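Okay, input_28.txt now, which holds compact mmCIF, C-alpha atoms:
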```
# COMPACT_ATOMS: atom_id res chain seq x y z
CA MET J 1 91.56 82.92 104.08
CA ASN J 2 94.68 84.67 102.81
CA LEU J 3 93.75 86.66 99.71
CA ASN J 4 97.18 88.17 98.96
CA TYR J 5 97.61 86.05 95.83
CA LEU J 6 94.17 87.00 94.49
CA THR J 7 94.79 90.67 95.26
CA SER J 8 98.10 90.52 93.36
CA ILE J 9 96.38 88.91 90.37
CA VAL J 10 93.76 91.68 90.26
CA VAL J 11 96.30 94.48 90.65
CA ARG J 12 98.57 92.97 87.98
CA SER J 13 95.60 92.55 85.60
CA LEU J 14 94.76 96.23 86.00
CA LEU J 15 98.34 97.47 85.58
CA VAL J 16 99.63 95.35 82.67
CA PRO J 17 97.44 97.00 79.97
CA VAL J 18 98.80 100.40 81.02
CA LEU J 19 102.38 99.64 82.06
CA GLY J 20 103.21 96.52 80.08
CA GLU J 21 104.52 93.09 80.92
CA GLY J 22 107.10 94.41 83.43
CA VAL J 23 104.40 94.09 86.10
CA ASN J 24 104.17 90.60 87.58
CA LEU J 25 102.53 88.88 90.55
CA ILE J 26 105.55 89.52 92.74
CA ASN J 27 105.95 93.25 92.09
CA ALA J 28 102.33 94.28 91.34
CA MET J 29 101.57 95.63 94.82
CA HIS J 30 104.89 97.50 94.95
CA VAL J 31 104.30 99.03 91.50
CA ALA J 32 100.79 100.10 92.50
CA ASN J 33 102.10 101.66 95.71
CA ARG J 34 104.87 103.57 93.88
CA ARG J 35 102.28 104.98 91.47
CA GLY J 36 100.10 106.20 94.34
CA ILE J 37 97.43 103.53 93.85
CA LYS J 38 95.74 102.54 97.08
CA VAL J 39 94.82 98.86 97.32
CA GLN J 40 92.52 97.92 100.17
CA GLU J 41 91.13 94.54 101.22
CA THR J 42 87.93 94.58 103.27
CA ARG J 43 86.21 91.52 104.69
CA ILE J 44 82.52 91.32 105.51
CA PRO J 45 81.45 88.24 107.50
CA ALA J 46 78.12 87.54 105.75
CA PRO J 47 78.02 88.48 102.06
CA GLU J 48 74.64 89.21 100.44
CA ASN J 49 73.12 86.10 98.78
CA PHE J 50 76.32 84.08 98.44
CA THR J 51 78.40 81.84 100.68
CA ASN J 52 81.50 83.63 99.38
CA LEU J 53 81.54 86.84 97.37
CA ILE J 54 84.52 88.79 96.13
CA VAL J 55 83.92 92.41 95.19
CA ILE J 56 86.49 94.39 93.26
CA GLU J 57 85.92 98.12 93.21
CA LEU J 58 88.06 100.46 91.14
CA LYS J 59 87.82 104.15 91.94
CA THR J 60 89.51 107.03 90.18
CA ASP J 61 88.99 110.75 90.55
CA VAL J 62 86.65 110.56 87.53
CA ASP J 63 84.81 107.25 87.73
CA SER J 64 84.27 104.06 89.70
CA HIS J 65 83.39 100.48 88.76
CA ARG J 66 82.48 97.46 90.82
CA VAL J 67 82.52 93.78 89.85
CA SER J 68 81.37 90.94 92.12
CA GLY J 69 82.14 87.28 91.69
CA THR J 70 81.74 83.97 93.41
CA VAL J 71 82.40 80.25 92.95
CA PHE J 72 79.49 77.81 93.02
CA THR J 73 79.64 74.09 93.78
CA ASP J 74 80.85 73.30 90.24
CA LYS J 75 84.09 75.19 91.14
CA LEU J 76 83.77 77.59 88.17
CA PRO J 77 84.22 81.29 88.96
CA ARG J 78 81.27 83.48 88.03
CA ILE J 79 80.77 87.19 87.65
CA VAL J 80 77.44 87.89 89.36
CA ASP J 81 77.25 91.68 89.31
CA VAL J 82 78.81 94.53 87.33
CA ASP J 83 78.20 98.09 88.51
CA GLY J 84 74.94 97.06 90.15
CA TYR J 85 73.63 95.08 87.16
CA PRO J 86 72.96 91.47 88.17
CA LEU J 87 74.06 88.77 85.71
CA GLU J 88 75.75 85.40 85.83
CA VAL J 89 78.64 84.54 83.56
CA VAL J 90 81.66 82.25 83.67
CA PRO J 91 84.37 84.61 82.33
CA ARG J 92 86.56 83.08 79.66
CA GLY J 93 88.43 83.95 76.51
CA ASN J 94 87.37 86.89 74.39
CA MET J 95 84.48 89.02 75.59
CA ILE J 96 82.70 92.22 74.61
CA PHE J 97 81.21 94.22 77.44
CA PHE J 98 78.71 96.93 76.63
CA THR J 99 76.15 99.15 78.30
CA ASN J 100 73.08 100.55 76.62
CA ASP J 101 69.68 102.08 77.05
CA ASP J 102 67.22 99.18 77.36
CA LYS J 103 65.40 99.63 74.04
CA PRO J 104 64.18 97.15 71.42
CA GLY J 105 66.66 96.43 68.63
CA VAL J 106 69.91 96.96 70.53
CA ILE J 107 70.86 93.28 70.68
CA GLY J 108 69.79 92.78 67.05
CA GLY J 109 71.95 95.72 65.96
CA ILE J 110 74.97 94.35 67.75
CA GLY J 111 74.38 90.89 66.28
CA THR J 112 74.15 92.40 62.80
CA VAL J 113 77.44 94.32 63.18
CA LEU J 114 79.24 91.30 64.59
CA GLY J 115 77.84 89.02 61.87
CA LYS J 116 78.96 91.37 59.09
CA CYS J 117 82.42 91.48 60.68
CA ASN J 118 82.58 87.67 60.95
CA VAL J 119 82.58 87.66 64.78
CA ASN J 120 80.84 84.59 66.17
CA ILE J 121 78.96 84.94 69.48
CA ALA J 122 79.57 81.97 71.79
CA GLY J 123 77.39 83.23 74.66
CA MET J 124 75.39 86.22 75.81
CA HIS J 125 74.66 87.37 79.35
CA LEU J 126 72.37 90.29 80.10
CA GLY J 127 71.49 92.43 83.09
CA ARG J 128 69.44 95.58 83.54
CA GLU J 129 68.52 97.97 86.30
CA ARG J 130 64.84 97.98 85.26
CA GLN J 131 62.72 97.69 82.12
CA GLY J 132 63.45 100.66 79.84
CA GLY J 133 66.39 101.82 81.99
CA ARG J 134 70.05 101.11 81.54
CA ALA J 135 71.24 97.64 80.61
CA LEU J 136 74.49 95.74 80.39
CA ALA J 137 75.57 92.81 78.25
CA LEU J 138 78.60 90.57 78.20
CA LEU J 139 79.15 88.64 74.99
CA LEU J 140 81.53 85.70 74.81
CA VAL J 141 83.03 85.53 71.32
CA ASP J 142 85.19 82.92 69.62
CA ASP J 143 88.10 85.12 68.50
CA PRO J 144 89.77 88.42 69.46
CA VAL J 145 87.72 91.43 68.35
CA ARG J 146 89.32 94.11 66.19
CA THR J 147 89.15 97.77 67.26
CA GLU J 148 87.18 98.76 64.14
CA VAL J 149 84.45 96.27 65.08
CA ILE J 150 84.05 97.82 68.54
CA GLU J 151 83.98 101.29 66.93
CA GLN J 152 81.03 100.17 64.78
CA VAL J 153 79.20 98.84 67.85
CA ARG J 154 79.80 102.14 69.69
CA LYS J 155 78.08 104.03 66.85
CA LEU J 156 74.83 102.07 67.19
CA ALA J 157 71.76 103.81 68.60
CA ASN J 158 71.34 103.44 72.39
CA ILE J 159 74.86 102.08 72.97
CA LEU J 160 76.53 103.91 75.86
CA SER J 161 79.85 102.06 75.97
CA ALA J 162 81.54 99.03 74.41
CA LYS J 163 84.83 97.44 75.45
CA VAL J 164 86.79 94.32 74.63
CA VAL J 165 87.84 92.17 77.60
CA ARG J 166 90.18 89.18 77.47
CA VAL J 167 90.45 86.69 80.33
```

Taking this structure as input, can you express it in the form of structure tokens?
Amino acid sequence: MNLNYLTSIVVRSLLVPVLGEGVNLINAMHVANRRGIKVQETRIPAPENFTNLIVIELKTDVDSHRVSGTVFTDKLPRIVDVDGYPLEVVPRGNMIFFTNDDKPGVIGGIGTVLGKCNVNIAGMHLGRERQGGRALALLLVDDPVRTEVIEQVRKLANILSAKVVRV
């Protein structure tokens, strides 16, 4: 299967927030190359527990992140793993992605902050490495989330990171 189109979509999605709307599907690979960004496609014949699995790994000199996705028989794309945390979510619209120490009260604290800021949660998807370890959550919300709301979430006890994602 030719994945050039999908690769261009991913590269464009990563570059637009930094470089602006001048990056498009046609020039995304060229722009990445000119900026010294290495894009590599690797194919493995038998992916883990899925018929088809796409893994996107982003590495910098400081950090790395990995997201895996697949499409099930209902034809809806799903994120099935983020940085080693298993979960299952159909990405759509406005989302809040956060990592935390797996302690009681974290989800309640986030719900309280979002409720006070009039942010409605449409869906919640959780994953964790082990009980009491690190955890990850992806919240689907109805409307775009303001920066000051995310800042409040980041200040909560046991929150390690919080980011807004829009699909």

For Cys117 (chain J), which residue out of J:Ile150, J:Gln131, J:Tyr85, J:Pro104 is the nearest one, using all atoms listed in the file?
J:Ile150

Identify, on the basis of only C-alpha atoms, every residue whose closest approach to Leu58 (chain J) does not exceed 12 Å; exclude the query and any residue fewer than 6 positions from it along the same chain; express the result as a count of residues only.
14

Which residues come within 7 Å of Ala135 (chain J), counting only C-alpha atoms, excluding same-chain residues fewer than 4 positions away, as a PyMOL selection string?
chain J and resi 99-102+127-129

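If you measure from each of J:Leu19, J:Arg43, J:Asn52, J:Val149 to Phe72 (chain J) using all atoms listed in the file, the closest one turns out to be J:Asn52.
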
Suppose you want the space between CA of Val165 (chain J) and CA of Asp74 (chain J); what is it in Å?
23.8 Å

Return the single residue from J:Glu41, J:Glu151, J:Asp81, J:Glu88 that is closest to Leu114 (chain J), with distances computed using all atoms listed in the file.
J:Glu151

With all atoms listed in the file as the atoms that count, which of J:Gly22, J:Gly123, J:Gly132, J:Pro17 lies nearest to Gly93 (chain J)?
J:Gly123

Take every atom of region 117-123 of chain J listed in the file, pad by 5 Å on each side, and give me the axis-aligned box centre and edge lengths in Å, one decimal, as lines of an AutoDock Vina configuration file.
```
center_x = 80.0
center_y = 86.7
center_z = 67.7
size_x = 15.2
size_y = 19.5
size_z = 24.0
```

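Picture a line from CA of Val119 (chain J) to CA of Val141 (chain J); it runs 6.9 Å.
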
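Counting only C-alpha atoms, the residue from J:Val89, J:Val113, J:Ala157, J:Leu6 that sits nearest to Leu139 (chain J) is J:Val89.
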
What separation in Å, quoted to one decimal, exists between CA of Leu3 (chain J) and CA of Gly69 (chain J)?
14.1 Å

With only C-alpha atoms counted, which protein, DNA or RNA residues have an atom no more than 10 Å from (79.5, 100.1, 73.6) in the file frame? Please answer as a count of residues only.
23

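Comparing J:Thr7, J:Asn24, J:Asn2, J:Asn118 by their smallest distance to Ile56 (chain J), the closest is J:Thr7 (using all atoms listed in the file).
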